[in-house]
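All remarks here apply to the structure that follows.
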Amino acid sequence: MSRQFAICPFCGCGCGMHLEVFDGRLIAALPSQVHPAGAGRLCLRGWQAGTLVQSSRRLLVPQAAGKQASWEDALRAAAEGIRALAAEGPQALGVLGSGYLTNEEASATRLYATQALRTPNLDNFAWALDGGSIWGLEQTLCIPYRSPVLPEIASADVILCLSSSLCADNPQAAGYIMAAAEAGATVIVADEVDQGLRELSTLWVQHKPGARAALLQVLWSALGAPGELSAKQRDTLQQAGVDAGAFAEMCAALRKAKRLALVFSTTTVQTPAEAAHIAEIVMLLNASGQQEAAVFALRAQCNSVGVNDMGLVPGEGRARERGLSLYEMLAEPTPLRALVVIGEGLEKFVGEQGLQALRERLDFLLYLGGYQTATSELADVALPMTTWGETEGTFTCHDGSIWPLHQVVPPTGESRYLPEILRDLSVAQGGPPLPADLPSLRAEISRQVFGYRLVNWEQVAAGQRAVASAVPSEDSAEVQIPADELPVPIEAGPERPYTLLVRRDTGSWACDPRARGAEIVERELAGHRAPFLVINPQTCRNLETREGRSLTISTAFGSQTLPVRCSPGVPPEVVMLPWQFRDVARALAGPLHLDAASRAGYHLPVAAALENPSQS
Amino acid sequence: MSGLYVPQIAAIERVEEETATEKTFTLRPLNGDRLSCVPGQFILLSVFGRGEAPFCVGTAGQDLPTLDITVRRYPGGRVTEALHSLGPGAYVGLRGPFGNGFKVEALRGRDLLFVAGGIGLIPVRPLIRQVLSERDQFGRLVLLFGARQPSEILYRRELDEWQAREDFEVQLTIDVPHPDWSGHVGVVTTLFPDLEVDPARTKAIIVGPPVMYPFVVAACREKGIGDADMIFSLERYMKCGVGKCGHCAMKHKYVCTDGPVFTYEEIREIEEH
Amino acid sequence: MPALAQYSLPPTRLKDLFQRLSQAVDQVIAPTRVPPGDVFYDVVQGPDEVALDFGNSLVSPVAWLYRPVEEMFRVLPGEPPRVEPCGEEGRRLLFAVRPCDLAAIGRLDQFFLEGDFRDDLYAARRARTLLVALACATQADPRCFCSCCETGPYAEQGFDLQLSLVGDRYLLEVGSESGAALAEQCRDLLEPAAEDLAAGRAQQVQAFYAGLEQKANMPAAVRRLSSEAVPVELWDRIASRCLGCGGCSFVCPVCTCFYTTDQVREDGSIVRVRAWDSCRLEGYTREASGHNPRAHRRQRAERFSYHKLAYPCIQREGRLGCVGCGRCVTVCFGGVHMPRVAQMIRRGE
Ligand SMILES: Cc1cc2nc3c(=O)[nH]c(=O)nc-3n(C[C@H](O)[C@H](O)[C@H](O)COP(=O)(O)OP(=O)(O)OC[C@H]3O[C@@H](n4cnc5c(N)ncnc54)[C@H](O)[C@@H]3O)c2cc1C
Ligand code: SF4
Ligand code: SF4
Ligand code: SF4
Ligand code: FES
């Protein structure tokens, strides 16, 4: 029996846990009480993390041209495929890495892109999820953003939470909000739909889909200039669908707050404009000297912070125009000829049909990952890499603290450590022998990444707390964020009276191939696999249907017939489509809206019509 | 070798297709073990590599060399899908029989009203067979059986035989009209209004999908049948069959060891809100 | 049951005692600190690895009798396939088990070993495990409420040996024949227990009760729940604060639910494993047809409390389903842990 510390590999909360190994098999993940993020708590995913490594969805052997291949052949095929296209110039190549990669793996990935492929087209999945809001915060605060440690949420006397879905997205944060409420804090939840947190709130402020920025902007200006709201402010609020009484109450609570925590998940607050207003509110309150305010932006992936620190970003810094971001690489038509995808499937962003289409546009697709995904199936070459539990490494948590991950079990199948694969690949392509062992990668990180210069890696590996100072970005203040972005026009009208909102739902990790190996997780998420719409029970009754039956939804982009589920948290005029069904989202909500500044993408709410097919 | 959770190996001897979704499997334990089962008991069947699931034993009696189970296939169901793909000669694992089964003694001398819906007929059939084999021990016998469609009616041949008997009143119904069906249409409770029962003499044996129970209970109560005279066989998610895994628990009772057969009086007490 | 014998041990000889006890078994499981500072009951090689300055570990040592994941049997493919049992060998000593956990083992013994079916996986492990308790009188964790469940700060039964620090000496109590044999092997380290040790023990209990921070009137909660006088809205309120992590069941030393699954191993053999499950999870009762008799969180919240606190369950399973270890206080996101829920039930609000 052995036991090793690790950070949970799922969400951005970064809970500490201990892995228990028995007879050479990882059998359980158990919470760490001394780790600050969880303090002994894990959500269902965390508790079941022990079953991940043995998942039946692991990629066990290299695949080339759809067939099993030896490592040697597969590496050769990969190198040839890439070398052939490298002749087109570095702009034809792109590299995407997951936010699940360790710092060391992310660093190796950057070295591969910059030194072996010499391409500036490099990005990470985490930024694609977090980017909009983190960018907005950083540009407004003019410093690189680090979240305070989550337990501090519990000590706030007023909490403004902008993501009602926290219970599922970032449960640890939801837990601290509940703890604060218990201690008497005022908890204000403001969101487009309620996904569970409303019943725990003191005040619920609803706004129209897409109107969060408008609400926050009025909130900021109202806090800055106490007194009656101007006619324009009232007008904006009304357009945003916000109840004036609730708004007044929210303002009053925020004015009285001694310690305000502004909490949101980056999967809800997605645009720089929204985040910029949040940052402005925080700065305003802090400037008074009487109040303390802090932003807790909850990241989507377990090493969201680390992969960005490691420079898995376009060009050499996000604002430089030279490299393509994830969404630009996936755009139609793609400027790329070859794409290297590391650590996670692309279907998460483009859906399976979208992936098919992308595959056809590309000449070469290389996948390196631990799990079988739609991407591994479509790739020209798929190389199995070791995953969490099978590798030594580190994660950087939302607050900048660095934590060790240990290898507790031998690699599954023929999987290999990512930096070693990349080194061999580089050599096979005729590139340099990149560093592939932990000491050299860490030396590389210390050299290249300013904030990690003083990190004592031995101490980190031994479980001692170390914090990487925030990495300064050279390009702050280059980009203007529209300060008063108004509600996105939604053409809801008599013809299309509903608003379709693409959002994460509680089963959003049903699509994570890792979760599919975990029996209990799979059992809990059994109903979240196939696309469905979430509507208000009243809407359901109005359309004379019931849960499980299908409705036809049509928008300016297309129409689909999908089964429905009811949730009282969804307003009667709103239809929610879970984010994970990307193909449906593309078909109904159109292509992603790509934010020019952050280069993050999100779907705008669109007008929709609903029809009961059995009635027509 | 023994052990509470360790199945014995059995070979599938025969497979019979009952409907598009149900098959009957005849299983023979390898070591020549003979099994004794009471109607209403269940076994836990393993398809190795897929898992284990409970199924009612379709054959009752002492020292049986083989036993039958009838299994509905659920799309995506780990065990049932795998089992349906197996043919004679394949090996499976077998534990049990478990559970209390129907107390035939308590039924002797009484009129019996069997109410079955869909695959609820599976556990009721061995009981009916036993009752028919000792026909003179029982009073009037009635079976009300409902299926969704004609194609979903199980044990057609046996039902025909039963219908042909003078001493057994068998009524079939299907839920919604169907071109191949000339009989009664409507859910099983729609057979009740025309039914005459002597409530003091009658015991009702009721097995069907969960949605059926409240309606049948109401209909039986209307006929004056007492709660202690309504007998159910319950299904709950089961992982062990021996009162350890906890899945089948209802209040302080375990369906696997205290049941699956309960009177309505007992169920009332352990029902959950 | 009064102790069979009592001895006194100077703290300086504790390590010797530990060494001596270790020689009697193949493996010692004792509380030990692992980086970054959590205490777990793990295999230890020597007394220096043992940590005794802790309230209670977040994972109960009961996990060594009822494993989070364990192999039930192995099937070797073939015509016909062969079934082989799984199991570990060797004698084990669980060192410094807290009295609440000992009480939990008592309930598990009843649940797994008594009645119509005996769980041979648990039985085999239990039969070759010796239990050395460590009383809590001098170090209550702020989350504990064993006094309300009558399980601590001393164990009155269920141990082979029990250690407790009384004043400046350890009191060593013998609770079983195996314990007596163990004590015999350590005779030269032990001294007869003086009268004042027993008196000191009694005094400590009083002081301990007075110092406990967490309180729960369990008998009142049991009465109220068993009389079905709990309003449904109360379960709704609890449910709204439950994030469905299952943690309360996983850390609870009394909880016994498991699921089973078949793993296909690299060598082609199939191993059926069982792993901890939780009635707080929605899929726990969902059937293949999609029907779920406990589909609502409210029902699951009620189920959890009912099984632990309702009189018919206590009667059936020998004792209250909570031993007051306080672990669920740590793991629950929404603060709807046992002491809190017991209070809510008692007040009906
Ligand atoms: C006492 C009893 C008798 C039964 N008798 C029959 C029968 O004679 N014929 C028949 O077709 N079906 C019967 N069932 C239902 C049958 O057990 C399920 O259809 C079967 O478990 C589905 O398994 P699966 O692996 O294909 O589905 P999955 O959804 O993959 O099920 C996984 C696990 O869920 C559990 N489970 C799922 N549904 C049920 C359920 N309804 N009841 C209990 N456990 C469930 C099983 O333990 C199974 O291992 C009976 C159930 C019980 C409790
Ligand atoms: S809250 Fe996030 S980090 Fe914590 S256990 Fe759950 S998924 Fe893992
Ligand atoms: S219910 Fe909570 S306090 Fe009681 S025994 Fe279980 S974990 Fe400990
Ligand atoms: S620990 Fe709390 S949140 Fe988790 S399942 Fe138990 S009651 Fe629910
Ligand atoms: S099936 Fe396991 S307790 Fe009943």
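All residue names refer to the structure tokens as shown: chains lettered A, B, ... in order, residues numbered from 1 in each chain, ligands numbered from 1 in order.
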
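Any residue of chain B with an atom within 6 Å of chain C counts; using only C-alpha atoms, that gives B:Gly49, B:Arg50, B:Gly51, B:Tyr237, B:Cys245, B:Gly246, B:His252.
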
DSSP says strand (DSSP E or B) for which residues of region 387-477 of chain A? Put them as a CSV table (one decimal) with N, CA and C atoms, in the first residue's frame?
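Contents of selection39.csv, freshly written:
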chain,number,residue,atom,x,y,z
A,393,GLY,N,4.9,15.6,-11.7
A,393,GLY,CA,4.8,16.9,-12.2
A,393,GLY,C,4.2,17.9,-11.2
A,394,THR,N,3.8,19.0,-11.7
A,394,THR,CA,3.2,20.0,-10.8
A,394,THR,C,2.1,20.7,-11.5
A,395,PHE,N,1.2,21.2,-10.7
A,395,PHE,CA,0.1,22.1,-11.1
A,395,PHE,C,0.2,23.4,-10.4
A,396,THR,N,-0.2,24.5,-11.0
A,396,THR,CA,-0.3,25.7,-10.3
A,396,THR,C,-1.8,26.0,-10.1
A,401,SER,N,-0.4,28.9,-6.1
A,401,SER,CA,0.4,28.0,-5.3
A,401,SER,C,0.7,26.8,-6.2
A,402,ILE,N,1.9,26.2,-6.0
A,402,ILE,CA,2.3,25.1,-6.9
A,402,ILE,C,2.3,23.8,-6.1
A,403,TRP,N,1.7,22.8,-6.6
A,403,TRP,CA,1.5,21.6,-5.9
A,403,TRP,C,2.0,20.4,-6.7
A,404,PRO,N,2.5,19.4,-6.0
A,404,PRO,CA,3.1,18.3,-6.7
A,404,PRO,C,2.1,17.2,-7.1
A,405,LEU,N,2.3,16.5,-8.2
A,405,LEU,CA,1.6,15.4,-8.6
A,405,LEU,C,2.6,14.3,-8.6
A,416,ARG,N,3.5,6.8,-22.9
A,416,ARG,CA,4.8,7.3,-22.5
A,416,ARG,C,4.6,8.8,-22.0
A,466,ALA,N,4.5,26.3,-2.0
A,466,ALA,CA,5.3,27.2,-2.7
A,466,ALA,C,4.4,28.0,-3.6
A,467,VAL,N,4.7,29.3,-3.8
A,467,VAL,CA,3.8,30.1,-4.6
A,467,VAL,C,4.6,30.7,-5.7

Find the residues near ligand 4. Use a cut-off of 9 Å, count only C-alpha atoms and all ligand atoms, and write them as a PDB file with N, CA, C and O atoms, in the first residue's frame.
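Everything below was put into result_8.pdb:
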ATOM      1  N   ARG A  41     -12.644  18.484   1.705  1.00  0.00           N
ATOM      2  CA  ARG A  41     -13.834  18.212   0.899  1.00  0.00           C
ATOM      3  C   ARG A  41     -13.442  17.898  -0.545  1.00  0.00           C
ATOM      4  O   ARG A  41     -12.528  18.508  -1.090  1.00  0.00           O
ATOM      5  N   LEU A  42     -14.169  16.978  -1.133  1.00  0.00           N
ATOM      6  CA  LEU A  42     -14.028  16.700  -2.556  1.00  0.00           C
ATOM      7  C   LEU A  42     -15.426  16.566  -3.113  1.00  0.00           C
ATOM      8  O   LEU A  42     -16.328  16.102  -2.422  1.00  0.00           O
ATOM      9  N   CYS A  43     -15.613  16.950  -4.362  1.00  0.00           N
ATOM     10  CA  CYS A  43     -16.910  16.703  -4.968  1.00  0.00           C
ATOM     11  C   CYS A  43     -16.910  15.277  -5.521  1.00  0.00           C
ATOM     12  O   CYS A  43     -15.911  14.578  -5.447  1.00  0.00           O
ATOM     13  N   LEU A  44     -18.030  14.888  -6.088  1.00  0.00           N
ATOM     14  CA  LEU A  44     -18.143  13.508  -6.566  1.00  0.00           C
ATOM     15  C   LEU A  44     -17.011  13.138  -7.524  1.00  0.00           C
ATOM     16  O   LEU A  44     -16.432  12.059  -7.450  1.00  0.00           O
ATOM     17  N   GLY A 175     -19.362  25.587  -1.857  1.00  0.00           N
ATOM     18  CA  GLY A 175     -19.297  25.202  -0.450  1.00  0.00           C
ATOM     19  C   GLY A 175     -18.923  26.384   0.429  1.00  0.00           C
ATOM     20  O   GLY A 175     -19.532  26.612   1.472  1.00  0.00           O
TER      21      GLY A 175
ATOM     22  N   ILE C 238     -32.473  20.412   3.735  1.00  0.00           N
ATOM     23  CA  ILE C 238     -31.184  19.717   3.786  1.00  0.00           C
ATOM     24  C   ILE C 238     -30.712  19.428   2.365  1.00  0.00           C
ATOM     25  O   ILE C 238     -29.561  19.660   2.015  1.00  0.00           O
ATOM     26  N   ALA C 239     -31.652  18.984   1.546  1.00  0.00           N
ATOM     27  CA  ALA C 239     -31.287  18.604   0.182  1.00  0.00           C
ATOM     28  C   ALA C 239     -30.735  19.800  -0.588  1.00  0.00           C
ATOM     29  O   ALA C 239     -29.808  19.658  -1.381  1.00  0.00           O
ATOM     30  N   ARG C 241     -28.906  21.988   0.324  1.00  0.00           N
ATOM     31  CA  ARG C 241     -27.518  22.270   0.690  1.00  0.00           C
ATOM     32  C   ARG C 241     -26.610  21.088   0.404  1.00  0.00           C
ATOM     33  O   ARG C 241     -25.430  21.124   0.737  1.00  0.00           O
ATOM     34  N   CYS C 242     -27.148  20.054  -0.178  1.00  0.00           N
ATOM     35  CA  CYS C 242     -26.342  18.865  -0.467  1.00  0.00           C
ATOM     36  C   CYS C 242     -25.897  18.912  -1.919  1.00  0.00           C
ATOM     37  O   CYS C 242     -26.718  18.992  -2.820  1.00  0.00           O
ATOM     38  N   LEU C 243     -24.616  18.867  -2.145  1.00  0.00           N
ATOM     39  CA  LEU C 243     -24.108  18.906  -3.518  1.00  0.00           C
ATOM     40  C   LEU C 243     -23.926  17.501  -4.092  1.00  0.00           C
ATOM     41  O   LEU C 243     -23.373  17.338  -5.169  1.00  0.00           O
ATOM     42  N   GLY C 244     -24.366  16.507  -3.353  1.00  0.00           N
ATOM     43  CA  GLY C 244     -24.306  15.157  -3.902  1.00  0.00           C
ATOM     44  C   GLY C 244     -22.903  14.649  -4.150  1.00  0.00           C
ATOM     45  O   GLY C 244     -22.642  13.991  -5.153  1.00  0.00           O
ATOM     46  N   CYS C 245     -21.998  14.959  -3.236  1.00  0.00           N
ATOM     47  CA  CYS C 245     -20.626  14.492  -3.441  1.00  0.00           C
ATOM     48  C   CYS C 245     -20.447  13.067  -2.937  1.00  0.00           C
ATOM     49  O   CYS C 245     -19.539  12.366  -3.345  1.00  0.00           O
ATOM     50  N   GLY C 246     -21.318  12.667  -2.024  1.00  0.00           N
ATOM     51  CA  GLY C 246     -21.188  11.328  -1.452  1.00  0.00           C
ATOM     52  C   GLY C 246     -20.179  11.258  -0.326  1.00  0.00           C
ATOM     53  O   GLY C 246     -20.021  10.218   0.319  1.00  0.00           O
ATOM     54  N   GLY C 247     -19.499  12.358  -0.072  1.00  0.00           N
ATOM     55  CA  GLY C 247     -18.425  12.359   0.924  1.00  0.00           C
ATOM     56  C   GLY C 247     -18.868  11.882   2.295  1.00  0.00           C
ATOM     57  O   GLY C 247     -18.141  11.141   2.965  1.00  0.00           O
ATOM     58  N   CYS C 248     -20.067  12.287   2.701  1.00  0.00           N
ATOM     59  CA  CYS C 248     -20.506  11.912   4.049  1.00  0.00           C
ATOM     60  C   CYS C 248     -20.567  10.394   4.191  1.00  0.00           C
ATOM     61  O   CYS C 248     -20.242   9.846   5.238  1.00  0.00           O
ATOM     62  N   SER C 249     -20.965   9.700   3.140  1.00  0.00           N
ATOM     63  CA  SER C 249     -20.996   8.234   3.220  1.00  0.00           C
ATOM     64  C   SER C 249     -19.596   7.653   3.124  1.00  0.00           C
ATOM     65  O   SER C 249     -19.296   6.651   3.753  1.00  0.00           O
ATOM     66  N   PHE C 250     -18.758   8.285   2.301  1.00  0.00           N
ATOM     67  CA  PHE C 250     -17.433   7.701   2.098  1.00  0.00           C
ATOM     68  C   PHE C 250     -16.585   7.801   3.368  1.00  0.00           C
ATOM     69  O   PHE C 250     -15.829   6.897   3.677  1.00  0.00           O
ATOM     70  N   VAL C 251     -16.699   8.913   4.095  1.00  0.00           N
ATOM     71  CA  VAL C 251     -15.875   9.011   5.310  1.00  0.00           C
ATOM     72  C   VAL C 251     -16.529   8.363   6.517  1.00  0.00           C
ATOM     73  O   VAL C 251     -15.855   8.088   7.506  1.00  0.00           O
ATOM     74  N   SER C 278     -22.670   5.443  -2.288  1.00  0.00           N
ATOM     75  CA  SER C 278     -23.369   6.350  -1.391  1.00  0.00           C
ATOM     76  C   SER C 278     -24.833   6.509  -1.773  1.00  0.00           C
ATOM     77  O   SER C 278     -25.149   6.738  -2.939  1.00  0.00           O
ATOM     78  N   CYS C 279     -25.689   6.423  -0.777  1.00  0.00           N
ATOM     79  CA  CYS C 279     -27.121   6.590  -1.013  1.00  0.00           C
ATOM     80  C   CYS C 279     -27.478   8.045  -1.300  1.00  0.00           C
ATOM     81  O   CYS C 279     -28.617   8.368  -1.552  1.00  0.00           O
ATOM     82  N   ARG C 280     -26.491   8.944  -1.232  1.00  0.00           N
ATOM     83  CA  ARG C 280     -26.757  10.352  -1.530  1.00  0.00           C
ATOM     84  C   ARG C 280     -26.706  10.601  -3.018  1.00  0.00           C
ATOM     85  O   ARG C 280     -26.987  11.702  -3.476  1.00  0.00           O
ATOM     86  N   LEU C 281     -26.314   9.602  -3.783  1.00  0.00           N
ATOM     87  CA  LEU C 281     -26.145   9.801  -5.214  1.00  0.00           C
ATOM     88  C   LEU C 281     -27.399   9.378  -5.955  1.00  0.00           C
ATOM     89  O   LEU C 281     -28.059   8.402  -5.589  1.00  0.00           O
ATOM     90  N   ALA C 301     -31.759  12.538   1.091  1.00  0.00           N
ATOM     91  CA  ALA C 301     -31.366  13.118   2.376  1.00  0.00           C
ATOM     92  C   ALA C 301     -32.085  12.378   3.501  1.00  0.00           C
ATOM     93  O   ALA C 301     -31.513  12.044   4.536  1.00  0.00           O
ATOM     94  N   PHE C 304     -30.618   8.771   4.125  1.00  0.00           N
ATOM     95  CA  PHE C 304     -29.354   8.756   4.854  1.00  0.00           C
ATOM     96  C   PHE C 304     -29.624   8.871   6.357  1.00  0.00           C
ATOM     97  O   PHE C 304     -29.142   8.074   7.158  1.00  0.00           O
ATOM     98  N   CYS C 328     -18.115  13.732   8.970  1.00  0.00           N
ATOM     99  CA  CYS C 328     -18.985  14.364   7.982  1.00  0.00           C
ATOM    100  C   CYS C 328     -19.016  15.877   8.177  1.00  0.00           C
ATOM    101  O   CYS C 328     -19.317  16.618   7.250  1.00  0.00           O
ATOM    102  N   VAL C 329     -18.684  16.335   9.372  1.00  0.00           N
ATOM    103  CA  VAL C 329     -18.613  17.777   9.603  1.00  0.00           C
ATOM    104  C   VAL C 329     -17.534  18.380   8.701  1.00  0.00           C
ATOM    105  O   VAL C 329     -17.704  19.460   8.156  1.00  0.00           O
ATOM    106  N   THR C 330     -16.461  17.659   8.535  1.00  0.00           N
ATOM    107  CA  THR C 330     -15.373  18.158   7.690  1.00  0.00           C
ATOM    108  C   THR C 330     -15.722  18.089   6.213  1.00  0.00           C
ATOM    109  O   THR C 330     -15.451  19.023   5.472  1.00  0.00           O
ATOM    110  N   VAL C 331     -16.323  17.007   5.774  1.00  0.00           N
ATOM    111  CA  VAL C 331     -16.448  16.825   4.328  1.00  0.00           C
ATOM    112  C   VAL C 331     -17.653  17.494   3.693  1.00  0.00           C
ATOM    113  O   VAL C 331     -17.681  17.666   2.483  1.00  0.00           O
ATOM    114  N   CYS C 332     -18.639  17.854   4.494  1.00  0.00           N
ATOM    115  CA  CYS C 332     -19.872  18.334   3.858  1.00  0.00           C
ATOM    116  C   CYS C 332     -19.741  19.759   3.358  1.00  0.00           C
ATOM    117  O   CYS C 332     -19.426  20.671   4.108  1.00  0.00           O
ATOM    118  N   PHE C 333     -20.014  19.957   2.084  1.00  0.00           N
ATOM    119  CA  PHE C 333     -19.951  21.290   1.482  1.00  0.00           C
ATOM    120  C   PHE C 333     -20.989  22.207   2.115  1.00  0.00           C
ATOM    121  O   PHE C 333     -20.728  23.373   2.363  1.00  0.00           O
ATOM    122  N   GLY C 334     -22.167  21.669   2.301  1.00  0.00           N
ATOM    123  CA  GLY C 334     -23.287  22.527   2.685  1.00  0.00           C
ATOM    124  C   GLY C 334     -23.523  22.580   4.179  1.00  0.00           C
ATOM    125  O   GLY C 334     -24.514  23.157   4.638  1.00  0.00           O
ATOM    126  N   GLY C 335     -22.662  21.964   4.948  1.00  0.00           N
ATOM    127  CA  GLY C 335     -22.836  21.995   6.396  1.00  0.00           C
ATOM    128  C   GLY C 335     -24.046  21.194   6.861  1.00  0.00           C
ATOM    129  O   GLY C 335     -24.560  21.412   7.955  1.00  0.00           O
ATOM    130  N   VAL C 336     -24.528  20.270   6.040  1.00  0.00           N
ATOM    131  CA  VAL C 336     -25.666  19.459   6.494  1.00  0.00           C
ATOM    132  C   VAL C 336     -25.142  18.089   6.951  1.00  0.00           C
ATOM    133  O   VAL C 336     -25.512  17.048   6.441  1.00  0.00           O
ATOM    134  N   HIS C 337     -24.279  18.154   7.916  1.00  0.00           N
ATOM    135  CA  HIS C 337     -23.660  16.971   8.483  1.00  0.00           C
ATOM    136  C   HIS C 337     -24.499  16.470   9.653  1.00  0.00           C
ATOM    137  O   HIS C 337     -25.469  17.114  10.061  1.00  0.00           O
ATOM    138  N   MET C 338     -24.084  15.333  10.193  1.00  0.00           N
ATOM    139  CA  MET C 338     -24.913  14.670  11.186  1.00  0.00           C
ATOM    140  C   MET C 338     -25.284  15.532  12.399  1.00  0.00           C
ATOM    141  O   MET C 338     -26.469  15.652  12.712  1.00  0.00           O
TER     142      MET C 338
END

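With only C-alpha atoms taken into account, the protein and nucleic acid residues at most 12 Å from Arg165 (chain B) (excluding it and anything under 4 positions from it in its own chain) are Leu132, Arg135, Leu141, Val142, Glu158, Leu159, Asp160, Glu161, Glu169 and Val170 of chain B.
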
Around ligand 2, at most 6 Å away and counting only C-alpha atoms and all ligand atoms, which residues are there? Put them as a PyMOL selection string, please.
chain A and resi 8+10-15+42-43+45-46+170-172

Going by DSSP on the backbone, which bits of region 368-426 of chain A are helix (DSSP H, G or I)? Write them as a PyMOL selection string, please.
chain A and resi 374-378+418-426

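What separates CA of Val185 (chain B) from CA of Leu144 (chain B) is a distance of 12.4 Å.
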
Set out as a tab-separated table a contact list for chain B and ligand 5 with a cut-off of 8 Å, giving each residue of chain B that qualifies its closest atom pair and distance in Å to one decimal, counting only C-alpha atoms and all ligand atoms, ordered by chain and rising residue number.
residue	atom	partner	partner_atom_place_in_ligand_line	distance
B:Arg236	CA	ligand 5	1 (S)	7.8
B:Tyr237	CA	ligand 5	1 (S)	7.0
B:Met238	CA	ligand 5	1 (S)	3.8
B:Lys239	CA	ligand 5	1 (S)	4.7
B:Cys240	CA	ligand 5	2 (Fe)	3.8
B:Gly241	CA	ligand 5	1 (S)	3.8
B:Val242	CA	ligand 5	2 (Fe)	5.5
B:Gly243	CA	ligand 5	3 (S)	3.4
B:Lys244	CA	ligand 5	3 (S)	4.3
B:Cys245	CA	ligand 5	2 (Fe)	3.7
B:Gly246	CA	ligand 5	3 (S)	3.9
B:His247	CA	ligand 5	2 (Fe)	5.4
B:Cys248	CA	ligand 5	4 (Fe)	4.4
B:Ala249	CA	ligand 5	4 (Fe)	6.2
B:Tyr254	CA	ligand 5	4 (Fe)	5.3
B:Val255	CA	ligand 5	4 (Fe)	5.7
B:Cys256	CA	ligand 5	4 (Fe)	4.2
B:Thr257	CA	ligand 5	4 (Fe)	6.5

Val340 (chain A) surroundings by only C-alpha atoms, 7 Å radius, close-in-sequence under 6 positions cut, as a PyMOL selection string:
chain A and resi 94-96+365-367

Go ahead and write the residues just picked, N, CA and C atoms, as a short mmCIF file (atom, residue, chain, number, x, y, z; two decimals), in the first residue's frame.
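See again-v9.cif below for the written result:
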data_model
loop_
_atom_site.label_atom_id
_atom_site.label_comp_id
_atom_site.auth_asym_id
_atom_site.auth_seq_id
_atom_site.Cartn_x
_atom_site.Cartn_y
_atom_site.Cartn_z
N GLY A 94 0.04 24.23 -36.20
CA GLY A 94 -0.52 24.74 -34.95
C GLY A 94 -0.43 23.70 -33.86
N VAL A 95 -0.33 24.16 -32.62
CA VAL A 95 -0.25 23.25 -31.48
C VAL A 95 -1.25 23.69 -30.42
N LEU A 96 -2.05 22.74 -29.94
CA LEU A 96 -3.02 23.03 -28.89
C LEU A 96 -2.78 22.10 -27.72
N LEU A 365 -3.36 15.57 -38.89
CA LEU A 365 -3.79 15.79 -37.50
C LEU A 365 -3.05 14.80 -36.61
N LEU A 366 -2.35 15.34 -35.65
CA LEU A 366 -1.61 14.49 -34.71
C LEU A 366 -2.22 14.68 -33.33
N TYR A 367 -2.51 13.56 -32.67
CA TYR A 367 -3.10 13.63 -31.33
C TYR A 367 -2.18 12.94 -30.35
#

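Any residue of chain A with an atom no more than 12 Å from chain B counts as a contact; using only C-alpha atoms, that gives Ser56, Glu519, Arg523 and Ala526 of chain A.
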
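For the pair CA of Glu80 (chain A) and CA of Ala64 (chain A), the separation is 11.8 Å.
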
Do you know which residues are at most 8 Å from Ala106 (chain A) counting only C-alpha atoms, after dropping those on the same chain fewer than 2 positions away, and could you put them as a PyMOL selection string?
chain A and resi 97+101-104+108-110+306-307+310-312

Keeping only C-alpha atoms, write the selected residues to a file as a short mmCIF file (atom, residue, chain, number, x, y, z; two decimals), in the first residue's frame.
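Once everything was written out, this is part-v1.cif:
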data_model
loop_
_atom_site.label_atom_id
_atom_site.label_comp_id
_atom_site.auth_asym_id
_atom_site.auth_seq_id
_atom_site.Cartn_x
_atom_site.Cartn_y
_atom_site.Cartn_z
CA GLY A 97 -2.49 21.81 -25.34
CA LEU A 101 -1.27 19.17 -18.63
CA THR A 102 1.24 19.56 -15.82
CA ASN A 103 3.53 22.56 -15.81
CA GLU A 104 6.38 20.41 -17.00
CA ALA A 108 7.69 20.75 -23.06
CA THR A 109 4.76 21.46 -25.34
CA ARG A 110 5.82 25.08 -25.72
CA GLY A 306 -0.07 26.75 -14.99
CA VAL A 307 -0.44 26.20 -18.71
CA MET A 310 4.17 28.16 -19.00
CA GLY A 311 3.51 30.18 -22.10
CA LEU A 312 1.14 27.89 -23.92
#

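The interatomic distance for the pair CA of Val449 (chain A) and CA of Thr114 (chain A) works out to 14.9 Å.
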
I want to know what sits within 8 Å of Asn121 (chain A), based on only C-alpha atoms, with residues of the same chain fewer than 5 positions away left out; could you give that as a ChimeraX atom specification?
/A:91,93-95,113,314-315,322-325,329
